[in-house]
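Structure below is entry.pdb: PDB, C-alpha atoms, pLDDT in the B column.
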ATOM      1  CA  MET Y   1       0.000   0.000   0.000  1.00 44.00           C
ATOM      2  CA  SER Y   2       1.351   3.423  -0.917  1.00 60.00           C
ATOM      3  CA  SER Y   3       1.296   6.396   1.396  1.00 83.00           C
ATOM      4  CA  THR Y   4       1.427  10.160   1.194  1.00 88.00           C
ATOM      5  CA  GLU Y   5       4.859  11.559   2.031  1.00 93.00           C
ATOM      6  CA  LEU Y   6       5.840  15.048   3.155  1.00 93.00           C
ATOM      7  CA  ARG Y   7       8.894  16.359   1.318  1.00 94.00           C
ATOM      8  CA  VAL Y   8      10.949  19.504   1.926  1.00 95.00           C
ATOM      9  CA  ALA Y   9      13.732  20.771  -0.331  1.00 95.00           C
ATOM     10  CA  GLY Y  10      15.638  23.812  -1.455  1.00 94.00           C
ATOM     11  CA  PHE Y  11      15.834  24.442  -5.192  1.00 94.00           C
ATOM     12  CA  ALA Y  12      19.331  22.930  -5.460  1.00 93.00           C
ATOM     13  CA  ASP Y  13      17.953  19.661  -4.063  1.00 95.00           C
ATOM     14  CA  LEU Y  14      15.084  19.340  -6.554  1.00 94.00           C
ATOM     15  CA  ASP Y  15      15.611  17.142  -9.573  1.00 93.00           C
ATOM     16  CA  ALA Y  16      14.264  18.381 -12.907  1.00 92.00           C
ATOM     17  CA  ARG Y  17      11.285  16.003 -12.954  1.00 92.00           C
ATOM     18  CA  THR Y  18      10.155  16.951  -9.450  1.00 92.00           C
ATOM     19  CA  PHE Y  19      10.429  20.678 -10.161  1.00 92.00           C
ATOM     20  CA  HIS Y  20       8.494  20.174 -13.402  1.00 92.00           C
ATOM     21  CA  ASP Y  21       5.726  18.289 -11.577  1.00 91.00           C
ATOM     22  CA  LEU Y  22       5.480  20.950  -8.847  1.00 92.00           C
ATOM     23  CA  LEU Y  23       5.273  23.735 -11.426  1.00 90.00           C
ATOM     24  CA  ARG Y  24       2.685  21.827 -13.403  1.00 91.00           C
ATOM     25  CA  LEU Y  25       0.465  21.542 -10.309  1.00 90.00           C
ATOM     26  CA  ARG Y  26       0.822  25.279  -9.667  1.00 89.00           C
ATOM     27  CA  VAL Y  27       0.105  26.231 -13.280  1.00 88.00           C
ATOM     28  CA  ASP Y  28      -2.807  23.780 -13.602  1.00 86.00           C
ATOM     29  CA  VAL Y  29      -4.540  25.402 -10.621  1.00 86.00           C
ATOM     30  CA  PHE Y  30      -3.456  29.039 -10.556  1.00 79.00           C
ATOM     31  CA  VAL Y  31      -3.231  29.770 -14.280  1.00 75.00           C
ATOM     32  CA  VAL Y  32      -5.644  27.287 -15.882  1.00 75.00           C
ATOM     33  CA  GLU Y  33      -8.318  26.483 -13.263  1.00 76.00           C
ATOM     34  CA  GLN Y  34      -8.437  29.994 -11.765  1.00 77.00           C
ATOM     35  CA  GLU Y  35      -8.000  31.595 -15.194  1.00 74.00           C
ATOM     36  CA  CYS Y  36      -5.211  33.943 -14.103  1.00 74.00           C
ATOM     37  CA  ALA Y  37      -2.642  34.732 -16.749  1.00 72.00           C
ATOM     38  CA  TYR Y  38       0.370  35.849 -14.714  1.00 70.00           C
ATOM     39  CA  PRO Y  39       4.116  35.102 -14.587  1.00 68.00           C
ATOM     40  CA  GLU Y  40       4.165  31.961 -12.433  1.00 74.00           C
ATOM     41  CA  LEU Y  41       7.949  31.772 -12.750  1.00 78.00           C
ATOM     42  CA  ASP Y  42       8.826  34.846 -10.694  1.00 85.00           C
ATOM     43  CA  GLY Y  43      12.459  33.955  -9.965  1.00 85.00           C
ATOM     44  CA  ARG Y  44      11.866  33.317  -6.264  1.00 90.00           C
ATOM     45  CA  ASP Y  45      11.790  29.513  -6.522  1.00 90.00           C
ATOM     46  CA  VAL Y  46      15.553  29.445  -7.067  1.00 92.00           C
ATOM     47  CA  GLU Y  47      16.546  31.793  -4.226  1.00 93.00           C
ATOM     48  CA  PRO Y  48      18.824  30.106  -1.678  1.00 92.00           C
ATOM     49  CA  GLY Y  49      16.433  30.758   1.225  1.00 93.00           C
ATOM     50  CA  THR Y  50      13.352  29.336  -0.503  1.00 95.00           C
ATOM     51  CA  ARG Y  51      12.023  26.035   0.794  1.00 96.00           C
ATOM     52  CA  HIS Y  52       9.582  23.923  -1.198  1.00 95.00           C
ATOM     53  CA  LEU Y  53       7.179  21.682   0.740  1.00 97.00           C
ATOM     54  CA  TRP Y  54       4.863  19.178  -0.866  1.00 96.00           C
ATOM     55  CA  LEU Y  55       2.886  16.054  -0.258  1.00 95.00           C
ATOM     56  CA  ALA Y  56       3.498  13.293  -2.749  1.00 94.00           C
ATOM     57  CA  HIS Y  57       1.550  10.104  -3.355  1.00 91.00           C
ATOM     58  CA  ASP Y  58       3.304   7.486  -5.489  1.00 88.00           C
ATOM     59  CA  GLY Y  59       5.764  10.234  -6.424  1.00 86.00           C
ATOM     60  CA  ALA Y  60       3.111  12.620  -7.746  1.00 89.00           C
ATOM     61  CA  PRO Y  61       2.579  15.930  -5.923  1.00 94.00           C
ATOM     62  CA  LEU Y  62      -0.882  16.314  -4.373  1.00 94.00           C
ATOM     63  CA  ALA Y  63      -0.307  19.593  -2.533  1.00 94.00           C
ATOM     64  CA  TYR Y  64       2.423  22.207  -2.427  1.00 95.00           C
ATOM     65  CA  LEU Y  65       3.571  25.470  -0.881  1.00 96.00           C
ATOM     66  CA  ARG Y  66       6.766  27.439  -0.741  1.00 96.00           C
ATOM     67  CA  ILE Y  67       8.385  29.454   2.027  1.00 97.00           C
ATOM     68  CA  LEU Y  68      10.323  32.525   0.939  1.00 96.00           C
ATOM     69  CA  ALA Y  69      12.899  34.392   3.002  1.00 95.00           C
ATOM     70  CA  ASP Y  70      11.709  38.010   2.900  1.00 93.00           C
ATOM     71  CA  PRO Y  71      13.794  40.913   4.232  1.00 91.00           C
ATOM     72  CA  GLY Y  72      14.000  41.431   7.985  1.00 91.00           C
ATOM     73  CA  GLY Y  73      13.874  37.742   8.870  1.00 91.00           C
ATOM     74  CA  VAL Y  74      10.234  37.388   7.795  1.00 95.00           C
ATOM     75  CA  ALA Y  75       9.102  34.120   6.221  1.00 97.00           C
ATOM     76  CA  ARG Y  76       6.515  34.375   3.449  1.00 97.00           C
ATOM     77  CA  ILE Y  77       4.288  31.402   2.656  1.00 97.00           C
ATOM     78  CA  GLY Y  78       2.898  31.322  -0.844  1.00 92.00           C
ATOM     79  CA  ARG Y  79       1.673  29.278  -3.779  1.00 90.00           C
ATOM     80  CA  VAL Y  80      -0.412  27.087  -1.465  1.00 93.00           C
ATOM     81  CA  VAL Y  81      -2.137  24.645  -3.774  1.00 91.00           C
ATOM     82  CA  VAL Y  82      -3.929  21.294  -3.648  1.00 93.00           C
ATOM     83  CA  ALA Y  83      -4.665  19.226  -6.745  1.00 92.00           C
ATOM     84  CA  PRO Y  84      -8.404  19.163  -7.526  1.00 90.00           C
ATOM     85  CA  SER Y  85      -8.514  15.376  -7.100  1.00 88.00           C
ATOM     86  CA  ALA Y  86      -6.961  15.630  -3.609  1.00 87.00           C
ATOM     87  CA  ARG Y  87      -9.057  18.424  -2.094  1.00 89.00           C
ATOM     88  CA  GLY Y  88     -11.012  17.870   1.091  1.00 88.00           C
ATOM     89  CA  SER Y  89      -8.475  15.419   2.519  1.00 88.00           C
ATOM     90  CA  GLY Y  90      -6.685  17.766   4.921  1.00 90.00           C
ATOM     91  CA  HIS Y  91      -3.590  18.122   2.756  1.00 92.00           C
ATOM     92  CA  ALA Y  92      -3.456  21.937   2.963  1.00 93.00           C
ATOM     93  CA  GLY Y  93      -3.689  21.797   6.759  1.00 94.00           C
ATOM     94  CA  ARG Y  94      -0.947  19.191   6.962  1.00 94.00           C
ATOM     95  CA  LEU Y  95       1.304  21.314   4.740  1.00 94.00           C
ATOM     96  CA  MET Y  96       0.618  24.482   6.754  1.00 95.00           C
ATOM     97  CA  THR Y  97       1.483  22.680   9.985  1.00 96.00           C
ATOM     98  CA  ALA Y  98       4.745  21.472   8.432  1.00 96.00           C
ATOM     99  CA  ALA Y  99       5.517  24.922   7.022  1.00 96.00           C
ATOM    100  CA  LEU Y 100       5.006  26.613  10.380  1.00 96.00           C
ATOM    101  CA  ALA Y 101       7.283  24.031  11.997  1.00 96.00           C
ATOM    102  CA  GLU Y 102       9.923  24.975   9.390  1.00 95.00           C
ATOM    103  CA  VAL Y 103       9.413  28.693  10.073  1.00 95.00           C
ATOM    104  CA  GLY Y 104       9.656  28.232  13.833  1.00 94.00           C
ATOM    105  CA  ASP Y 105       9.123  31.190  16.149  1.00 91.00           C
ATOM    106  CA  GLY Y 106       9.866  33.916  13.622  1.00 91.00           C
ATOM    107  CA  PRO Y 107       7.286  36.152  11.980  1.00 95.00           C
ATOM    108  CA  CYS Y 108       5.463  34.779   8.966  1.00 97.00           C
ATOM    109  CA  VAL Y 109       3.265  36.500   6.380  1.00 97.00           C
ATOM    110  CA  LEU Y 110       1.084  35.436   3.479  1.00 97.00           C
ATOM    111  CA  ASP Y 111      -1.436  36.889   1.047  1.00 96.00           C
ATOM    112  CA  ALA Y 112      -4.532  34.714   1.398  1.00 95.00           C
ATOM    113  CA  GLN Y 113      -7.200  34.362  -1.203  1.00 93.00           C
ATOM    114  CA  SER Y 114      -9.913  36.090   0.820  1.00 95.00           C
ATOM    115  CA  HIS Y 115     -12.278  33.111   0.920  1.00 94.00           C
ATOM    116  CA  LEU Y 116      -9.519  31.217   2.779  1.00 95.00           C
ATOM    117  CA  VAL Y 117      -8.930  33.744   5.591  1.00 97.00           C
ATOM    118  CA  GLY Y 118     -10.665  31.416   8.070  1.00 96.00           C
ATOM    119  CA  PHE Y 119      -8.395  28.519   7.109  1.00 96.00           C
ATOM    120  CA  TYR Y 120      -5.265  30.584   7.761  1.00 96.00           C
ATOM    121  CA  ALA Y 121      -6.735  32.052  10.959  1.00 97.00           C
ATOM    122  CA  ARG Y 122      -6.946  28.488  12.312  1.00 96.00           C
ATOM    123  CA  HIS Y 123      -3.164  28.353  11.864  1.00 96.00           C
ATOM    124  CA  GLY Y 124      -2.607  31.496  13.928  1.00 96.00           C
ATOM    125  CA  PHE Y 125      -2.643  34.148  11.191  1.00 97.00           C
ATOM    126  CA  THR Y 126      -4.469  37.455  11.615  1.00 97.00           C
ATOM    127  CA  VAL Y 127      -5.476  40.000   8.990  1.00 97.00           C
ATOM    128  CA  SER Y 128      -2.713  42.605   8.678  1.00 97.00           C
ATOM    129  CA  GLY Y 129      -4.019  44.942   5.981  1.00 97.00           C
ATOM    130  CA  PRO Y 130      -6.902  45.775   3.669  1.00 97.00           C
ATOM    131  CA  GLU Y 131      -8.255  43.383   1.068  1.00 97.00           C
ATOM    132  CA  TYR Y 132      -7.013  43.927  -2.487  1.00 95.00           C
ATOM    133  CA  VAL Y 133      -7.654  42.315  -5.860  1.00 93.00           C
ATOM    134  CA  GLU Y 134      -4.824  40.541  -7.692  1.00 88.00           C
ATOM    135  CA  ASP Y 135      -5.414  38.827 -11.025  1.00 82.00           C
ATOM    136  CA  GLY Y 136      -9.163  39.218 -10.502  1.00 85.00           C
ATOM    137  CA  ILE Y 137      -9.142  37.380  -7.146  1.00 89.00           C
ATOM    138  CA  PRO Y 138      -9.661  39.128  -3.767  1.00 94.00           C
ATOM    139  CA  HIS Y 139      -6.680  38.650  -1.432  1.00 95.00           C
ATOM    140  CA  THR Y 140      -6.111  39.568   2.215  1.00 97.00           C
ATOM    141  CA  PRO Y 141      -2.661  40.109   3.773  1.00 98.00           C
ATOM    142  CA  MET Y 142      -2.152  38.089   6.948  1.00 97.00           C
ATOM    143  CA  ARG Y 143       0.605  37.767   9.548  1.00 97.00           C
ATOM    144  CA  ARG Y 144       1.570  35.349  12.301  1.00 96.00           C
ATOM    145  CA  ASP Y 145       3.932  36.429  15.087  1.00 89.00           C
ATOM    146  CA  ARG Y 146       5.156  33.936  17.640  1.00 72.00           C
TER     147      ARG Y 146
END
Please render this file's structure as structure tokens.
Amino acid sequence: MSSTELRVAGFADLDARTFHDLLRLRVDVFVVEQECAYPELDGRDVEPGTRHLWLAHDGAPLAYLRILADPGGVARIGRVVVAPSARGSGHAGRLMTAALAEVGDGPCVLDAQSHLVGFYARHGFTVSGPEYVEDGIPHTPMRRDR
């Protein structure tokens, strides 16, 4: 029986196939499903401080997020995504728990799609600024200080 595995890696530790599969998941959801034409490859995936976290089942990514190292020692969680076929199984919550363990006690920020503010609030985030629209989708800045 196969299981779902949590994986964590910096860019230098990702093989080409894994990086391709992670990007495909992100593009399939953010660009295709959500109909947002935007530059998914923003250059931040390759930064030395970026950590990629994902859940894989039989090698295929089911859910993903990345943690960026922003200025001032602030961690930024972004690109939180779950494959359509894997939604409703708690994968996003499991990834957030793992991400916050990686971040530790330092401050952490994210820009939540506004309909998910409650999800992030359950992980200790609070609204830190006014709602704004990016690529046609309402977003809300949030912050977690420990």
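Using all atoms listed in the file, the shortest contact distance between Val32 (chain Y) and any of Y:Asp111, Y:Gly59, Y:Pro84, Y:Val117 is found at Y:Pro84.
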Test item: residues at most 7 Å from Arg144 (chain Y), only C-alpha atoms, excluding those fewer than 2 positions along its chain, as a PyMOL selection string: chain Y and resi 107-109+124-126+146
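Picture a line from CA of Ala99 (chain Y) to CA of Asp135 (chain Y); it runs 25.3 Å.
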Matched chain/residue IDs from the PyMOL selection byres ((chain Y and resi 72) around 12), as a list of chain:residue names: Y:Leu68, Y:Ala69, Y:Asp70, Y:Pro71, Y:Gly73, Y:Val74, Y:Ala75, Y:Arg76, Y:Gly106, Y:Pro107, Y:Cys108, Y:Val109
Quick one: write out the picked residues with C-alpha atoms as a PDB file, in the coordinates of the input?
ATOM      1  CA  LEU Y  68      10.323  32.525   0.939  1.00 96.00           C
ATOM      2  CA  ALA Y  69      12.899  34.392   3.002  1.00 95.00           C
ATOM      3  CA  ASP Y  70      11.709  38.010   2.900  1.00 93.00           C
ATOM      4  CA  PRO Y  71      13.794  40.913   4.232  1.00 91.00           C
ATOM      5  CA  GLY Y  73      13.874  37.742   8.870  1.00 91.00           C
ATOM      6  CA  VAL Y  74      10.234  37.388   7.795  1.00 95.00           C
ATOM      7  CA  ALA Y  75       9.102  34.120   6.221  1.00 97.00           C
ATOM      8  CA  ARG Y  76       6.515  34.375   3.449  1.00 97.00           C
ATOM      9  CA  GLY Y 106       9.866  33.916  13.622  1.00 91.00           C
ATOM     10  CA  PRO Y 107       7.286  36.152  11.980  1.00 95.00           C
ATOM     11  CA  CYS Y 108       5.463  34.779   8.966  1.00 97.00           C
ATOM     12  CA  VAL Y 109       3.265  36.500   6.380  1.00 97.00           C
TER      13      VAL Y 109
END
Residues within 7 Å of Ile67 (chain Y), only C-alpha atoms, excluding chain neighbours under 3 positions, as an MDAnalysis selection string: chainID Y and resid 50:52 75:78
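When the PyMOL selection byres ((chain Y and resi 10) around 12) is evaluated against the file, it yields Y:Arg7, Y:Val8, Y:Ala9, Y:Phe11, Y:Ala12, Y:Asp13, Y:Leu14, Y:Asp15, Y:Thr18, Y:Phe19, Y:Arg44, Y:Asp45, Y:Val46, Y:Glu47, Y:Pro48, Y:Gly49, Y:Thr50, Y:Arg51, Y:His52, Y:Leu53, Y:Trp54, Y:Arg66, Y:Ile67, Y:Leu68, Y:Ala69.
Using only C-alpha atoms, the protein and nucleic acid residues lying no more than 12 Å from Ala121 (chain Y), apart from those fewer than 4 places from it along its own chain, are Gly93, Met96, Val109, Leu110, Ala112, Ser114, His115, Leu116, Val117, Phe125, Thr126, Val127, Ser128, Thr140, Pro141, Met142, Arg143 and Arg144 of chain Y.
Our summary of the geometry notes that CA of Ala56 (chain Y) is positioned 21.2 Å from CA of Val31 (chain Y).
With only C-alpha atoms as the atoms that count, the minimum distance from Leu55 (chain Y) to the choices Y:Val82, Y:His123, Y:Leu100, Y:Val27 is reached by Y:Val82.
When CA of Ala101 (chain Y) is paired with CA of Pro61 (chain Y), their separation reads 20.2 Å.
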The PyMOL selection byres ((chain Y and resi 4) around 6) resolved against shown file, as an MDAnalysis selection string: chainID Y and resid 3 5 56:57
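Among Y:Val29, Y:Ile137, Y:Ala60, Y:Val103, the residue with the shortest atom-to-atom distance to Leu6 (chain Y), counting only C-alpha atoms, is Y:Ala60.
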Please define a box with edges along x, y and z of the file around all atoms of region 66-72 of chain Y given in the file, extend it by 5 Å on each side, and return its centre and edge lengths in Å to one decimal, as AutoDock Vina command-line options.
--center_x 10.4 --center_y 34.4 --center_z 3.6 --size_x 17.2 --size_y 24.0 --size_z 18.7
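Between Arg94 (chain Y) and the residues Y:Ala37, Y:Leu25, Y:Ala63, Y:Val133, the shortest atom-to-atom distance, using only C-alpha atoms, involves Y:Ala63.
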When you get a chance, write out N, CA, C and O atoms for region 16-35 of chain Y, as an mmCIF file, in the coordinates of the input.
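Output file part.cif follows:
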data_model
loop_
_atom_site.group_PDB
_atom_site.id
_atom_site.type_symbol
_atom_site.label_atom_id
_atom_site.label_comp_id
_atom_site.auth_asym_id
_atom_site.auth_seq_id
_atom_site.Cartn_x
_atom_site.Cartn_y
_atom_site.Cartn_z
ATOM 1 N N ALA Y 16 15.038 17.712 -11.857
ATOM 2 C CA ALA Y 16 14.264 18.381 -12.907
ATOM 3 C C ALA Y 16 12.829 17.867 -12.977
ATOM 4 O O ALA Y 16 11.882 18.645 -13.136
ATOM 5 N N ARG Y 17 12.631 16.573 -12.854
ATOM 6 C CA ARG Y 17 11.285 16.003 -12.954
ATOM 7 C C ARG Y 17 10.391 16.483 -11.801
ATOM 8 O O ARG Y 17 9.225 16.828 -12.015
ATOM 9 N N THR Y 18 10.936 16.498 -10.600
ATOM 10 C CA THR Y 18 10.155 16.951 -9.450
ATOM 11 C C THR Y 18 9.772 18.418 -9.606
ATOM 12 O O THR Y 18 8.615 18.787 -9.405
ATOM 13 N N PHE Y 19 10.734 19.258 -9.988
ATOM 14 C CA PHE Y 19 10.429 20.678 -10.161
ATOM 15 C C PHE Y 19 9.371 20.864 -11.247
ATOM 16 O O PHE Y 19 8.427 21.647 -11.088
ATOM 17 N N HIS Y 20 9.501 20.133 -12.336
ATOM 18 C CA HIS Y 20 8.494 20.174 -13.402
ATOM 19 C C HIS Y 20 7.112 19.821 -12.862
ATOM 20 O O HIS Y 20 6.127 20.511 -13.123
ATOM 21 N N ASP Y 21 7.022 18.739 -12.093
ATOM 22 C CA ASP Y 21 5.726 18.289 -11.577
ATOM 23 C C ASP Y 21 5.126 19.294 -10.592
ATOM 24 O O ASP Y 21 3.912 19.499 -10.575
ATOM 25 N N LEU Y 22 5.968 19.936 -9.777
ATOM 26 C CA LEU Y 22 5.480 20.950 -8.847
ATOM 27 C C LEU Y 22 4.970 22.175 -9.606
ATOM 28 O O LEU Y 22 3.902 22.709 -9.299
ATOM 29 N N LEU Y 23 5.723 22.596 -10.622
ATOM 30 C CA LEU Y 23 5.273 23.735 -11.426
ATOM 31 C C LEU Y 23 3.993 23.408 -12.189
ATOM 32 O O LEU Y 23 3.111 24.255 -12.316
ATOM 33 N N ARG Y 24 3.898 22.206 -12.677
ATOM 34 C CA ARG Y 24 2.685 21.827 -13.403
ATOM 35 C C ARG Y 24 1.457 21.913 -12.496
ATOM 36 O O ARG Y 24 0.403 22.397 -12.911
ATOM 37 N N LEU Y 25 1.576 21.433 -11.258
ATOM 38 C CA LEU Y 25 0.465 21.542 -10.309
ATOM 39 C C LEU Y 25 0.099 23.006 -10.104
ATOM 40 O O LEU Y 25 -1.076 23.374 -10.150
ATOM 41 N N ARG Y 26 1.084 23.852 -9.885
ATOM 42 C CA ARG Y 26 0.822 25.279 -9.667
ATOM 43 C C ARG Y 26 0.154 25.908 -10.885
ATOM 44 O O ARG Y 26 -0.852 26.623 -10.750
ATOM 45 N N VAL Y 27 0.676 25.646 -12.061
ATOM 46 C CA VAL Y 27 0.105 26.231 -13.280
ATOM 47 C C VAL Y 27 -1.291 25.681 -13.546
ATOM 48 O O VAL Y 27 -2.210 26.432 -13.899
ATOM 49 N N ASP Y 28 -1.480 24.375 -13.363
ATOM 50 C CA ASP Y 28 -2.807 23.780 -13.602
ATOM 51 C C ASP Y 28 -3.882 24.441 -12.747
ATOM 52 O O ASP Y 28 -5.012 24.637 -13.201
ATOM 53 N N VAL Y 29 -3.542 24.797 -11.511
ATOM 54 C CA VAL Y 29 -4.540 25.402 -10.621
ATOM 55 C C VAL Y 29 -4.577 26.918 -10.769
ATOM 56 O O VAL Y 29 -5.628 27.498 -11.037
ATOM 57 N N PHE Y 30 -3.440 27.580 -10.605
ATOM 58 C CA PHE Y 30 -3.456 29.039 -10.556
ATOM 59 C C PHE Y 30 -3.686 29.690 -11.917
ATOM 60 O O PHE Y 30 -4.391 30.692 -12.010
ATOM 61 N N VAL Y 31 -3.104 29.151 -12.966
ATOM 62 C CA VAL Y 31 -3.231 29.770 -14.280
ATOM 63 C C VAL Y 31 -4.437 29.218 -15.039
ATOM 64 O O VAL Y 31 -5.255 29.978 -15.558
ATOM 65 N N VAL Y 32 -4.581 27.898 -15.082
ATOM 66 C CA VAL Y 32 -5.644 27.287 -15.882
ATOM 67 C C VAL Y 32 -6.974 27.282 -15.132
ATOM 68 O O VAL Y 32 -7.950 27.892 -15.579
ATOM 69 N N GLU Y 33 -7.047 26.602 -13.986
ATOM 70 C CA GLU Y 33 -8.318 26.483 -13.263
ATOM 71 C C GLU Y 33 -8.854 27.846 -12.824
ATOM 72 O O GLU Y 33 -10.034 28.136 -12.969
ATOM 73 N N GLN Y 34 -7.984 28.689 -12.257
ATOM 74 C CA GLN Y 34 -8.437 29.994 -11.765
ATOM 75 C C GLN Y 34 -8.404 31.079 -12.836
ATOM 76 O O GLN Y 34 -8.738 32.227 -12.566
ATOM 77 N N GLU Y 35 -7.995 30.701 -14.031
ATOM 78 C CA GLU Y 35 -8.000 31.595 -15.194
ATOM 79 C C GLU Y 35 -7.263 32.905 -14.924
ATOM 80 O O GLU Y 35 -7.774 33.993 -15.163
#
